[in-house]
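Chemist: Just so it is clear, I am handing over entry.pdb, which has PDB, C-alpha atoms.
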```pdb
ATOM      1  CA  MET A   1       0.000   0.000   0.000  1.00  0.00           C
ATOM      2  CA  LYS A   2       2.896   2.374   0.755  1.00  0.00           C
ATOM      3  CA  HIS A   3       4.335   2.016  -2.777  1.00  0.00           C
ATOM      4  CA  GLU A   4       0.974   2.249  -4.534  1.00  0.00           C
ATOM      5  CA  GLN A   5       0.934   5.667  -6.183  1.00  0.00           C
ATOM      6  CA  GLN A   6      -2.834   5.951  -6.243  1.00  0.00           C
ATOM      7  CA  LEU A   7      -3.008   5.674  -2.440  1.00  0.00           C
ATOM      8  CA  SER A   8      -1.927   8.166   0.155  1.00  0.00           C
ATOM      9  CA  LEU A   9      -1.425   7.149   3.773  1.00  0.00           C
ATOM     10  CA  SER A  10      -0.731  10.640   5.050  1.00  0.00           C
ATOM     11  CA  PHE A  11      -2.658  11.620   8.154  1.00  0.00           C
ATOM     12  CA  SER A  12      -2.600  15.210   6.988  1.00  0.00           C
ATOM     13  CA  ILE A  13      -5.426  14.539   4.525  1.00  0.00           C
ATOM     14  CA  LEU A  14      -7.787  13.094   7.110  1.00  0.00           C
ATOM     15  CA  SER A  15     -10.950  15.099   7.282  1.00  0.00           C
ATOM     16  CA  ALA A  16     -11.810  16.968  10.434  1.00  0.00           C
ATOM     17  CA  HIS A  17     -14.869  14.737  10.769  1.00  0.00           C
ATOM     18  CA  LEU A  18     -12.760  11.562  10.772  1.00  0.00           C
ATOM     19  CA  LYS A  19     -10.269  13.073  13.210  1.00  0.00           C
ATOM     20  CA  HIS A  20     -13.145  13.962  15.507  1.00  0.00           C
ATOM     21  CA  ASN A  21     -14.467  10.390  15.336  1.00  0.00           C
ATOM     22  CA  ILE A  22     -11.018   8.965  16.131  1.00  0.00           C
ATOM     23  CA  TYR A  23     -10.743  11.285  19.130  1.00  0.00           C
ATOM     24  CA  GLN A  24     -14.219  10.379  20.368  1.00  0.00           C
ATOM     25  CA  HIS A  25     -13.499   6.680  19.932  1.00  0.00           C
ATOM     26  CA  PHE A  26     -10.282   6.965  21.954  1.00  0.00           C
ATOM     27  CA  ARG A  27     -12.065   8.984  24.637  1.00  0.00           C
ATOM     28  CA  GLU A  28     -14.667   6.236  25.046  1.00  0.00           C
ATOM     29  CA  VAL A  29     -12.325   3.247  24.808  1.00  0.00           C
ATOM     30  CA  PHE A  30      -9.438   4.461  26.957  1.00  0.00           C
ATOM     31  CA  PRO A  31     -11.354   4.466  30.302  1.00  0.00           C
ATOM     32  CA  ILE A  32     -12.531   0.901  29.587  1.00  0.00           C
ATOM     33  CA  ALA A  33      -8.999  -0.295  28.818  1.00  0.00           C
ATOM     34  CA  ALA A  34      -7.644   1.562  31.853  1.00  0.00           C
ATOM     35  CA  ASN A  35     -10.398   0.077  34.016  1.00  0.00           C
ATOM     36  CA  VAL A  36      -9.589  -3.502  32.975  1.00  0.00           C
ATOM     37  CA  ALA A  37      -5.856  -2.960  33.514  1.00  0.00           C
ATOM     38  CA  MET A  38      -6.432  -1.299  36.875  1.00  0.00           C
ATOM     39  CA  LEU A  39      -8.641  -4.109  38.214  1.00  0.00           C
ATOM     40  CA  SER A  40      -6.203  -6.772  36.974  1.00  0.00           C
ATOM     41  CA  ILE A  41      -3.254  -5.063  38.646  1.00  0.00           C
ATOM     42  CA  GLY A  42      -5.319  -4.644  41.799  1.00  0.00           C
ATOM     43  CA  THR A  43      -6.060  -8.378  41.881  1.00  0.00           C
ATOM     44  CA  THR A  44      -2.329  -9.082  41.598  1.00  0.00           C
ATOM     45  CA  ILE A  45      -1.605  -6.715  44.478  1.00  0.00           C
ATOM     46  CA  TYR A  46      -4.219  -8.513  46.585  1.00  0.00           C
ATOM     47  CA  GLN A  47      -2.375 -11.766  45.895  1.00  0.00           C
ATOM     48  CA  LEU A  48       0.942 -10.191  46.916  1.00  0.00           C
ATOM     49  CA  LEU A  49      -0.609  -8.983  50.163  1.00  0.00           C
ATOM     50  CA  TYR A  50      -2.159 -12.399  50.851  1.00  0.00           C
ATOM     51  CA  SER A  51       1.306 -13.936  50.479  1.00  0.00           C
ATOM     52  CA  GLN A  52       2.223 -12.204  53.738  1.00  0.00           C
ATOM     53  CA  LEU A  53      -0.307 -14.344  55.627  1.00  0.00           C
ATOM     54  CA  THR A  54       0.574 -17.740  57.044  1.00  0.00           C
ATOM     55  CA  ILE A  55       1.391 -20.377  54.458  1.00  0.00           C
ATOM     56  CA  ASN A  56      -1.835 -22.289  55.138  1.00  0.00           C
ATOM     57  CA  SER A  57      -3.952 -19.151  54.765  1.00  0.00           C
ATOM     58  CA  TYR A  58      -2.213 -18.252  51.513  1.00  0.00           C
ATOM     59  CA  VAL A  59      -2.692 -21.775  50.156  1.00  0.00           C
ATOM     60  CA  ALA A  60      -6.405 -21.644  51.050  1.00  0.00           C
ATOM     61  CA  ILE A  61      -6.933 -18.372  49.154  1.00  0.00           C
ATOM     62  CA  THR A  62      -4.833 -19.557  46.199  1.00  0.00           C
ATOM     63  CA  LEU A  63      -6.918 -22.725  45.908  1.00  0.00           C
ATOM     64  CA  LEU A  64     -10.122 -20.694  45.924  1.00  0.00           C
ATOM     65  CA  MET A  65      -9.180 -18.115  43.291  1.00  0.00           C
ATOM     66  CA  PRO A  66      -9.753 -20.318  40.189  1.00  0.00           C
ATOM     67  CA  TRP A  67     -13.135 -21.355  41.584  1.00  0.00           C
ATOM     68  CA  ILE A  68     -14.112 -17.747  42.247  1.00  0.00           C
ATOM     69  CA  ARG A  69     -13.130 -16.708  38.710  1.00  0.00           C
ATOM     70  CA  SER A  70     -15.022 -19.648  37.217  1.00  0.00           C
ATOM     71  CA  GLY A  71     -18.081 -19.178  39.408  1.00  0.00           C
ATOM     72  CA  THR A  72     -18.458 -15.499  38.528  1.00  0.00           C
ATOM     73  CA  GLN A  73     -17.704 -15.919  34.811  1.00  0.00           C
ATOM     74  CA  PHE A  74     -21.378 -16.513  33.981  1.00  0.00           C
ATOM     75  CA  ILE A  75     -22.296 -13.199  35.618  1.00  0.00           C
ATOM     76  CA  THR A  76     -19.611 -11.391  33.639  1.00  0.00           C
ATOM     77  CA  SER A  77     -20.779 -12.993  30.393  1.00  0.00           C
ATOM     78  CA  TRP A  78     -24.385 -11.973  31.034  1.00  0.00           C
ATOM     79  CA  SER A  79     -23.290  -8.416  31.869  1.00  0.00           C
ATOM     80  CA  HIS A  80     -21.302  -8.162  28.631  1.00  0.00           C
ATOM     81  CA  SER A  81     -24.301  -9.442  26.675  1.00  0.00           C
ATOM     82  CA  SER A  82     -26.623  -6.955  28.385  1.00  0.00           C
ATOM     83  CA  ALA A  83     -24.330  -4.060  27.524  1.00  0.00           C
ATOM     84  CA  ILE A  84     -24.231  -5.127  23.867  1.00  0.00           C
ATOM     85  CA  ILE A  85     -28.026  -5.374  23.619  1.00  0.00           C
ATOM     86  CA  ILE A  86     -28.468  -1.986  25.322  1.00  0.00           C
ATOM     87  CA  SER A  87     -25.872  -0.404  23.024  1.00  0.00           C
ATOM     88  CA  GLN A  88     -27.691  -1.805  19.981  1.00  0.00           C
ATOM     89  CA  ALA A  89     -30.990  -0.399  21.242  1.00  0.00           C
ATOM     90  CA  ILE A  90     -29.416   3.024  21.767  1.00  0.00           C
ATOM     91  CA  GLY A  91     -27.732   2.872  18.353  1.00  0.00           C
ATOM     92  CA  SER A  92     -31.054   2.169  16.658  1.00  0.00           C
ATOM     93  CA  LYS A  93     -32.731   4.800  18.889  1.00  0.00           C
ATOM     94  CA  GLN A  94     -35.201   2.284  20.275  1.00  0.00           C
ATOM     95  CA  ILE A  95     -35.072   3.520  23.853  1.00  0.00           C
ATOM     96  CA  GLU A  96     -38.768   3.425  24.777  1.00  0.00           C
ATOM     97  CA  THR A  97     -38.300   0.314  26.922  1.00  0.00           C
ATOM     98  CA  LEU A  98     -34.681   0.993  27.891  1.00  0.00           C
ATOM     99  CA  LYS A  99     -35.352   1.391  31.602  1.00  0.00           C
ATOM    100  CA  GLN A 100     -37.400  -1.813  31.776  1.00  0.00           C
ATOM    101  CA  ASP A 101     -34.778  -3.709  29.783  1.00  0.00           C
ATOM    102  CA  VAL A 102     -32.024  -2.585  32.156  1.00  0.00           C
ATOM    103  CA  GLU A 103     -34.048  -3.550  35.223  1.00  0.00           C
ATOM    104  CA  THR A 104     -34.750  -6.973  33.696  1.00  0.00           C
ATOM    105  CA  SER A 105     -31.070  -7.456  32.967  1.00  0.00           C
ATOM    106  CA  ILE A 106     -30.171  -6.582  36.559  1.00  0.00           C
ATOM    107  CA  LYS A 107     -32.753  -9.000  37.947  1.00  0.00           C
ATOM    108  CA  ILE A 108     -31.450 -11.845  35.782  1.00  0.00           C
ATOM    109  CA  ALA A 109     -27.876 -11.005  36.826  1.00  0.00           C
ATOM    110  CA  ILE A 110     -28.943 -11.258  40.475  1.00  0.00           C
ATOM    111  CA  PHE A 111     -30.606 -14.605  39.753  1.00  0.00           C
ATOM    112  CA  ILE A 112     -27.392 -15.890  38.139  1.00  0.00           C
ATOM    113  CA  SER A 113     -25.479 -14.574  41.167  1.00  0.00           C
ATOM    114  CA  ILE A 114     -27.720 -16.594  43.464  1.00  0.00           C
ATOM    115  CA  LEU A 115     -26.993 -19.703  41.390  1.00  0.00           C
ATOM    116  CA  SER A 116     -23.275 -18.958  41.769  1.00  0.00           C
ATOM    117  CA  THR A 117     -23.794 -18.651  45.511  1.00  0.00           C
ATOM    118  CA  LEU A 118     -25.400 -22.101  45.547  1.00  0.00           C
ATOM    119  CA  PHE A 119     -22.398 -23.356  43.592  1.00  0.00           C
ATOM    120  CA  PHE A 120     -20.051 -22.014  46.264  1.00  0.00           C
ATOM    121  CA  ILE A 121     -22.153 -23.564  49.019  1.00  0.00           C
ATOM    122  CA  GLY A 122     -21.658 -26.877  47.232  1.00  0.00           C
ATOM    123  CA  LEU A 123     -17.935 -26.163  46.956  1.00  0.00           C
ATOM    124  CA  TYR A 124     -17.796 -25.588  50.714  1.00  0.00           C
ATOM    125  CA  ALA A 125     -19.690 -28.826  51.373  1.00  0.00           C
ATOM    126  CA  TRP A 126     -17.359 -30.939  49.200  1.00  0.00           C
ATOM    127  CA  ILE A 127     -14.082 -29.096  49.620  1.00  0.00           C
ATOM    128  CA  ASN A 128     -12.579 -31.955  51.645  1.00  0.00           C
ATOM    129  CA  ASP A 129     -13.376 -34.395  48.847  1.00  0.00           C
ATOM    130  CA  ILE A 130     -12.040 -32.084  46.133  1.00  0.00           C
ATOM    131  CA  TYR A 131      -8.781 -31.506  48.039  1.00  0.00           C
ATOM    132  CA  PRO A 132      -8.410 -34.619  50.216  1.00  0.00           C
ATOM    133  CA  GLU A 133      -4.813 -34.254  51.405  1.00  0.00           C
ATOM    134  CA  LEU A 134      -4.491 -30.718  52.723  1.00  0.00           C
ATOM    135  CA  ALA A 135      -3.148 -29.758  56.125  1.00  0.00           C
ATOM    136  CA  VAL A 136      -5.650 -29.352  58.962  1.00  0.00           C
ATOM    137  CA  GLU A 137      -4.778 -25.639  59.199  1.00  0.00           C
ATOM    138  CA  THR A 138      -5.602 -25.168  55.500  1.00  0.00           C
ATOM    139  CA  TYR A 139      -9.019 -26.802  55.910  1.00  0.00           C
ATOM    140  CA  GLN A 140      -9.618 -24.525  58.876  1.00  0.00           C
ATOM    141  CA  ALA A 141      -8.694 -21.457  56.819  1.00  0.00           C
ATOM    142  CA  LEU A 142     -11.068 -22.529  54.032  1.00  0.00           C
ATOM    143  CA  LYS A 143     -13.841 -22.973  56.590  1.00  0.00           C
ATOM    144  CA  VAL A 144     -13.245 -19.569  58.190  1.00  0.00           C
ATOM    145  CA  ILE A 145     -13.603 -17.605  54.921  1.00  0.00           C
ATOM    146  CA  ALA A 146     -16.487 -19.695  53.544  1.00  0.00           C
ATOM    147  CA  PRO A 147     -19.192 -17.087  54.370  1.00  0.00           C
ATOM    148  CA  LEU A 148     -17.164 -14.466  52.518  1.00  0.00           C
ATOM    149  CA  TYR A 149     -16.662 -16.305  49.223  1.00  0.00           C
ATOM    150  CA  ILE A 150     -20.243 -17.607  49.347  1.00  0.00           C
ATOM    151  CA  VAL A 151     -21.736 -14.096  49.494  1.00  0.00           C
ATOM    152  CA  LEU A 152     -19.177 -12.575  47.090  1.00  0.00           C
ATOM    153  CA  PRO A 153     -20.973 -13.530  43.795  1.00  0.00           C
ATOM    154  CA  ILE A 154     -24.120 -11.590  44.755  1.00  0.00           C
ATOM    155  CA  LEU A 155     -22.217  -8.373  45.446  1.00  0.00           C
ATOM    156  CA  ARG A 156     -19.890  -8.782  42.470  1.00  0.00           C
ATOM    157  CA  GLY A 157     -22.701  -9.707  40.087  1.00  0.00           C
ATOM    158  CA  TYR A 158     -24.750  -6.681  41.121  1.00  0.00           C
ATOM    159  CA  ASN A 159     -21.830  -4.336  40.514  1.00  0.00           C
ATOM    160  CA  THR A 160     -20.677  -6.014  37.309  1.00  0.00           C
ATOM    161  CA  VAL A 161     -23.999  -5.688  35.524  1.00  0.00           C
ATOM    162  CA  HIS A 162     -24.371  -2.075  36.649  1.00  0.00           C
ATOM    163  CA  GLY A 163     -20.869  -1.267  35.424  1.00  0.00           C
ATOM    164  CA  HIS A 164     -21.478  -2.673  31.958  1.00  0.00           C
ATOM    165  CA  VAL A 165     -24.901  -1.019  31.673  1.00  0.00           C
ATOM    166  CA  LEU A 166     -23.349   2.325  32.583  1.00  0.00           C
ATOM    167  CA  ARG A 167     -20.695   1.872  29.905  1.00  0.00           C
ATOM    168  CA  ALA A 168     -23.433   1.245  27.363  1.00  0.00           C
ATOM    169  CA  LEU A 169     -25.014   4.530  28.482  1.00  0.00           C
ATOM    170  CA  GLY A 170     -21.744   6.365  27.860  1.00  0.00           C
ATOM    171  CA  LYS A 171     -20.589   6.565  31.488  1.00  0.00           C
ATOM    172  CA  THR A 172     -17.243   4.833  31.005  1.00  0.00           C
ATOM    173  CA  THR A 173     -15.244   7.474  32.874  1.00  0.00           C
ATOM    174  CA  ALA A 174     -17.634   7.397  35.826  1.00  0.00           C
ATOM    175  CA  VAL A 175     -17.313   3.593  36.045  1.00  0.00           C
ATOM    176  CA  PHE A 176     -13.532   3.932  36.090  1.00  0.00           C
ATOM    177  CA  LYS A 177     -13.720   6.487  38.904  1.00  0.00           C
ATOM    178  CA  ILE A 178     -15.961   4.264  41.031  1.00  0.00           C
ATOM    179  CA  ASN A 179     -13.745   1.216  40.538  1.00  0.00           C
ATOM    180  CA  PHE A 180     -10.556   3.206  41.144  1.00  0.00           C
ATOM    181  CA  THR A 181     -11.903   4.770  44.325  1.00  0.00           C
ATOM    182  CA  GLY A 182     -13.344   1.517  45.683  1.00  0.00           C
ATOM    183  CA  GLN A 183     -10.251  -0.577  44.973  1.00  0.00           C
ATOM    184  CA  TRP A 184      -7.178   1.673  44.998  1.00  0.00           C
ATOM    185  CA  LEU A 185      -8.181   4.419  47.433  1.00  0.00           C
ATOM    186  CA  VAL A 186     -10.184   2.346  49.931  1.00  0.00           C
ATOM    187  CA  SER A 187      -9.816  -1.433  49.741  1.00  0.00           C
ATOM    188  CA  LEU A 188      -6.155  -2.006  48.817  1.00  0.00           C
ATOM    189  CA  PRO A 189      -4.790   0.433  51.445  1.00  0.00           C
ATOM    190  CA  LEU A 190      -7.133  -1.090  54.035  1.00  0.00           C
ATOM    191  CA  CYS A 191      -6.036  -4.618  53.118  1.00  0.00           C
ATOM    192  CA  ALA A 192      -2.374  -3.602  53.400  1.00  0.00           C
ATOM    193  CA  LEU A 193      -3.047  -2.014  56.788  1.00  0.00           C
ATOM    194  CA  ILE A 194      -4.847  -5.103  58.098  1.00  0.00           C
ATOM    195  CA  ILE A 195      -2.163  -7.548  56.942  1.00  0.00           C
ATOM    196  CA  LEU A 196       1.103  -5.614  57.188  1.00  0.00           C
ATOM    197  CA  VAL A 197       0.401  -3.448  60.244  1.00  0.00           C
ATOM    198  CA  PHE A 198      -2.129  -5.281  62.383  1.00  0.00           C
ATOM    199  CA  GLY A 199      -1.266  -8.827  61.266  1.00  0.00           C
ATOM    200  CA  ALA A 200      -4.935  -9.776  61.265  1.00  0.00           C
ATOM    201  CA  SER A 201      -6.293 -13.236  60.496  1.00  0.00           C
ATOM    202  CA  ILE A 202      -7.270 -14.593  57.084  1.00  0.00           C
ATOM    203  CA  PHE A 203     -10.935 -13.749  57.720  1.00  0.00           C
ATOM    204  CA  TRP A 204     -10.337  -9.998  57.982  1.00  0.00           C
ATOM    205  CA  ALA A 205      -7.805 -10.007  55.155  1.00  0.00           C
ATOM    206  CA  PHE A 206     -10.125 -11.813  52.726  1.00  0.00           C
ATOM    207  CA  ALA A 207     -13.134  -9.803  53.948  1.00  0.00           C
ATOM    208  CA  ILE A 208     -11.742  -6.807  52.061  1.00  0.00           C
ATOM    209  CA  THR A 209     -12.734  -8.454  48.757  1.00  0.00           C
ATOM    210  CA  PRO A 210     -16.512  -8.444  49.422  1.00  0.00           C
ATOM    211  CA  PHE A 211     -16.060  -5.143  51.289  1.00  0.00           C
ATOM    212  CA  GLU A 212     -14.704  -3.577  48.089  1.00  0.00           C
ATOM    213  CA  GLU A 213     -17.795  -4.702  46.197  1.00  0.00           C
ATOM    214  CA  LEU A 214     -20.015  -3.362  48.986  1.00  0.00           C
ATOM    215  CA  VAL A 215     -18.289   0.046  48.820  1.00  0.00           C
ATOM    216  CA  LYS A 216     -19.041   0.282  45.089  1.00  0.00           C
ATOM    217  CA  THR A 217     -22.651  -0.908  45.276  1.00  0.00           C
ATOM    218  CA  LEU A 218     -24.381   2.351  46.228  1.00  0.00           C
ATOM    219  CA  PRO A 219     -22.455   4.576  43.762  1.00  0.00           C
ATOM    220  CA  PHE A 220     -23.160   2.145  40.920  1.00  0.00           C
ATOM    221  CA  ARG A 221     -26.859   1.926  41.740  1.00  0.00           C
ATOM    222  CA  TYR A 222     -27.260   5.672  42.226  1.00  0.00           C
ATOM    223  CA  LEU A 223     -25.468   6.512  38.979  1.00  0.00           C
ATOM    224  CA  ALA A 224     -27.426   3.892  37.024  1.00  0.00           C
ATOM    225  CA  LYS A 225     -30.800   5.188  38.238  1.00  0.00           C
ATOM    226  CA  LYS A 226     -29.769   8.799  37.590  1.00  0.00           C
ATOM    227  CA  SER A 227     -28.416   8.027  34.118  1.00  0.00           C
ATOM    228  CA  LEU A 228     -31.515   6.083  33.097  1.00  0.00           C
ATOM    229  CA  ALA A 229     -33.826   8.813  34.385  1.00  0.00           C
ATOM    230  CA  GLU A 230     -31.971  11.457  32.350  1.00  0.00           C
ATOM    231  CA  PHE A 231     -31.422   9.365  29.224  1.00  0.00           C
ATOM    232  CA  ASN A 232     -33.379  10.427  26.135  1.00  0.00           C
ATOM    233  CA  LEU A 233     -32.935  10.738  22.379  1.00  0.00           C
ATOM    234  CA  ALA A 234     -30.760  13.821  22.807  1.00  0.00           C
ATOM    235  CA  ALA A 235     -28.419  11.860  25.084  1.00  0.00           C
ATOM    236  CA  ALA A 236     -28.435   8.967  22.617  1.00  0.00           C
ATOM    237  CA  ASN A 237     -27.474  11.313  19.780  1.00  0.00           C
ATOM    238  CA  LYS A 238     -24.448  12.519  21.761  1.00  0.00           C
ATOM    239  CA  LEU A 239     -23.140   8.940  21.654  1.00  0.00           C
ATOM    240  CA  MET A 240     -23.292   8.897  17.845  1.00  0.00           C
ATOM    241  CA  TYR A 241     -20.105  10.044  16.137  1.00  0.00           C
ATOM    242  CA  ASP A 242     -20.840   9.375  12.461  1.00  0.00           C
TER     243      ASP A 242
END
```
Would you put the structure from the file into structure tokens?
Modeler:
Amino acid sequence: MKHEQQLSLSFSILSAHLKHNIYQHFREVFPIAANVAMLSIGTTIYQLLYSQLTINSYVAITLLMPWIRSGTQFITSWSHSSAIIISQAIGSKQIETLKQDVETSIKIAIFISILSTLFFIGLYAWINDIYPELAVETYQALKVIAPLYIVLPILRGYNTVHGHVLRALGKTTAVFKINFTGQWLVSLPLCALIILVFGASIFWAFAITPFEELVKTLPFRYLAKKSLAEFNLAAANKLMYD
């Protein structure tokens, strides 16, 4: 393409309209990319902090992490699907039933979260059979944090679906701010304080994970209700760049 004389790859000939679209696209996508990177790095930092616990406590949390990711994957998938459907409705300007569709999506996400909770109750019941040769202290650690990882899918599912719905409504920067505040300004410093300064038990260390979700619940819900109440065709048109 570079050596084809009929083509020009110079950015100088891009129309102002196309440049504006590129800028708008970057402005929308960057907070999403930054949000994903931030949450992933935060999860890694949690793991580094947990490594300062006793070896049995760290093993217990490490064994649970793949189960937690797997158990909440269905909620994440549903939330992604909801955001796509809502975005398509906004793109086609069919927003008459938008509020009802969002509420339905949230209710189904909560239902899936309850199923995940039942899954984790089953995991707790059969954990000794799944891992039959662990140390007694590791079994004890798994038992102590069971209420926390059992309730976690409900809180995480509620926040996940709200986050994706808000992105579909054009509130990507607001979602980033809520996640950044809840994880990096509140939960991670608190987790570090509990483990590194007070040397607390595995229960209080792992409790920061559902606590983080709890901190973000009210801002997500408030912003979602406010955004839906204010959303109209004029707001939908602002999301159109072509």
Chemist: So that I can check the surroundings of Ile208 in chain A, please list as a PyMOL selection string every protein, DNA and RNA residue that reaches within 12 Å of it, counting all atoms listed in the file and ignoring chain neighbours fewer than 5 positions away.
Modeler: chain A and resi 43+46+49-50+145+148-149+152+182-184+186-195+200-203+213-215
Chemist: Pick out the closest residue to Thr173 in chain A from this set: A:Val144, A:Ile75, A:Ala34, A:Ala234. Count only C-alpha atoms.
Modeler: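 That would be A:Ala34, the residue with the smallest distance to Thr173 in chain A.
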Chemist: Draw an axis-aligned box over all listed atoms of range 31-37 of chain A, pad each side with 4 Å, and write its centre and edge lengths in Å, one decimal, as AutoDock Vina command-line options.
Modeler:
```
--center_x -9.2 --center_y 0.5 --center_z 31.4 --size_x 14.7 --size_y 16.0 --size_z 13.2
```
Chemist: Running the PyMOL selection byres ((chain A and resi 53-67) around 7) on this model by hand, what would come out? Give it as a PDB file with C-alpha atoms, in the coordinates of the input.
Modeler:
```pdb
ATOM      1  CA  TYR A  50      -2.159 -12.399  50.851  1.00  0.00           C
ATOM      2  CA  SER A  51       1.306 -13.936  50.479  1.00  0.00           C
ATOM      3  CA  GLN A  52       2.223 -12.204  53.738  1.00  0.00           C
ATOM      4  CA  ILE A  68     -14.112 -17.747  42.247  1.00  0.00           C
ATOM      5  CA  ARG A  69     -13.130 -16.708  38.710  1.00  0.00           C
ATOM      6  CA  SER A  70     -15.022 -19.648  37.217  1.00  0.00           C
ATOM      7  CA  GLY A  71     -18.081 -19.178  39.408  1.00  0.00           C
ATOM      8  CA  GLU A 137      -4.778 -25.639  59.199  1.00  0.00           C
ATOM      9  CA  THR A 138      -5.602 -25.168  55.500  1.00  0.00           C
ATOM     10  CA  ALA A 141      -8.694 -21.457  56.819  1.00  0.00           C
ATOM     11  CA  LEU A 142     -11.068 -22.529  54.032  1.00  0.00           C
ATOM     12  CA  ILE A 202      -7.270 -14.593  57.084  1.00  0.00           C
TER      13      ILE A 202
END
```
Chemist: Find the residue from A:Phe119, A:Trp126, A:Tyr158, A:Tyr131 that sits nearest to Lys107 in chain A; use only C-alpha atoms when measuring.
Modeler: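 That would be A:Tyr158, the residue with the smallest distance to Lys107 in chain A.
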Chemist: From the set A:Ala224, A:Ile106, A:Leu48, A:Ala229, which residue has the shortest atom-to-atom contact distance to Ala168 in chain A, counting all atoms listed in the file?
Modeler: A:Ala224
Chemist: Would you work out the distance separating CA of Thr44 in chain A from CA of Gly199 in chain A, expressed in Å to one decimal?
Modeler: 19.7 Å
Chemist: For a quick check of your reading of the model, name the residues lying within 12 Å of the coordinate (-27.6, -12.9, 35.9), counting all atoms listed in the file, and write them as an MDAnalysis selection string.
Modeler: chainID A and resid 71:82 102:117 153:162
Chemist: Find the distance between CA of Leu39 in chain A and CA of Lys216 in chain A and write it in Å to one decimal.
Modeler: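 CA of Lys216 in chain A lies 13.2 Å from CA of Leu39 in chain A.
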Chemist: Generate N, CA and C atoms for range 105-120 of chain A and emit them as a PDB file, keeping the file's coordinate frame.
Modeler:
```
ATOM      1  N   SER A 105     -32.439  -6.943  33.027  1.00  0.00           N
ATOM      2  CA  SER A 105     -31.070  -7.456  32.967  1.00  0.00           C
ATOM      3  C   SER A 105     -30.465  -7.556  34.358  1.00  0.00           C
ATOM      4  N   ILE A 106     -30.702  -6.565  35.190  1.00  0.00           N
ATOM      5  CA  ILE A 106     -30.171  -6.582  36.559  1.00  0.00           C
ATOM      6  C   ILE A 106     -30.792  -7.724  37.361  1.00  0.00           C
ATOM      7  N   LYS A 107     -32.079  -7.920  37.210  1.00  0.00           N
ATOM      8  CA  LYS A 107     -32.753  -9.000  37.947  1.00  0.00           C
ATOM      9  C   LYS A 107     -32.207 -10.369  37.543  1.00  0.00           C
ATOM     10  N   ILE A 108     -31.988 -10.563  36.242  1.00  0.00           N
ATOM     11  CA  ILE A 108     -31.450 -11.845  35.782  1.00  0.00           C
ATOM     12  C   ILE A 108     -30.021 -12.023  36.290  1.00  0.00           C
ATOM     13  N   ALA A 109     -29.245 -10.930  36.309  1.00  0.00           N
ATOM     14  CA  ALA A 109     -27.876 -11.005  36.826  1.00  0.00           C
ATOM     15  C   ALA A 109     -27.885 -11.411  38.297  1.00  0.00           C
ATOM     16  N   ILE A 110     -28.830 -10.880  39.060  1.00  0.00           N
ATOM     17  CA  ILE A 110     -28.943 -11.258  40.475  1.00  0.00           C
ATOM     18  C   ILE A 110     -29.320 -12.730  40.607  1.00  0.00           C
ATOM     19  N   PHE A 111     -30.223 -13.186  39.734  1.00  0.00           N
ATOM     20  CA  PHE A 111     -30.606 -14.605  39.753  1.00  0.00           C
ATOM     21  C   PHE A 111     -29.401 -15.499  39.462  1.00  0.00           C
ATOM     22  N   ILE A 112     -28.601 -15.120  38.455  1.00  0.00           N
ATOM     23  CA  ILE A 112     -27.392 -15.890  38.139  1.00  0.00           C
ATOM     24  C   ILE A 112     -26.421 -15.847  39.316  1.00  0.00           C
ATOM     25  N   SER A 113     -26.354 -14.701  40.000  1.00  0.00           N
ATOM     26  CA  SER A 113     -25.479 -14.574  41.167  1.00  0.00           C
ATOM     27  C   SER A 113     -25.910 -15.520  42.281  1.00  0.00           C
ATOM     28  N   ILE A 114     -27.211 -15.667  42.449  1.00  0.00           N
ATOM     29  CA  ILE A 114     -27.720 -16.594  43.464  1.00  0.00           C
ATOM     30  C   ILE A 114     -27.344 -18.031  43.109  1.00  0.00           C
ATOM     31  N   LEU A 115     -27.428 -18.368  41.818  1.00  0.00           N
ATOM     32  CA  LEU A 115     -26.993 -19.703  41.390  1.00  0.00           C
ATOM     33  C   LEU A 115     -25.508 -19.913  41.675  1.00  0.00           C
ATOM     34  N   SER A 116     -24.707 -18.871  41.461  1.00  0.00           N
ATOM     35  CA  SER A 116     -23.275 -18.958  41.769  1.00  0.00           C
ATOM     36  C   SER A 116     -23.062 -19.148  43.269  1.00  0.00           C
ATOM     37  N   THR A 117     -23.881 -18.478  44.058  1.00  0.00           N
ATOM     38  CA  THR A 117     -23.794 -18.651  45.511  1.00  0.00           C
ATOM     39  C   THR A 117     -24.084 -20.092  45.906  1.00  0.00           C
ATOM     40  N   LEU A 118     -25.092 -20.689  45.285  1.00  0.00           N
ATOM     41  CA  LEU A 118     -25.400 -22.101  45.547  1.00  0.00           C
ATOM     42  C   LEU A 118     -24.232 -22.986  45.134  1.00  0.00           C
ATOM     43  N   PHE A 119     -23.585 -22.621  44.042  1.00  0.00           N
ATOM     44  CA  PHE A 119     -22.398 -23.356  43.592  1.00  0.00           C
ATOM     45  C   PHE A 119     -21.304 -23.316  44.651  1.00  0.00           C
ATOM     46  N   PHE A 120     -21.087 -22.148  45.247  1.00  0.00           N
ATOM     47  CA  PHE A 120     -20.051 -22.014  46.264  1.00  0.00           C
ATOM     48  C   PHE A 120     -20.431 -22.706  47.571  1.00  0.00           C
TER      49      PHE A 120
END
```
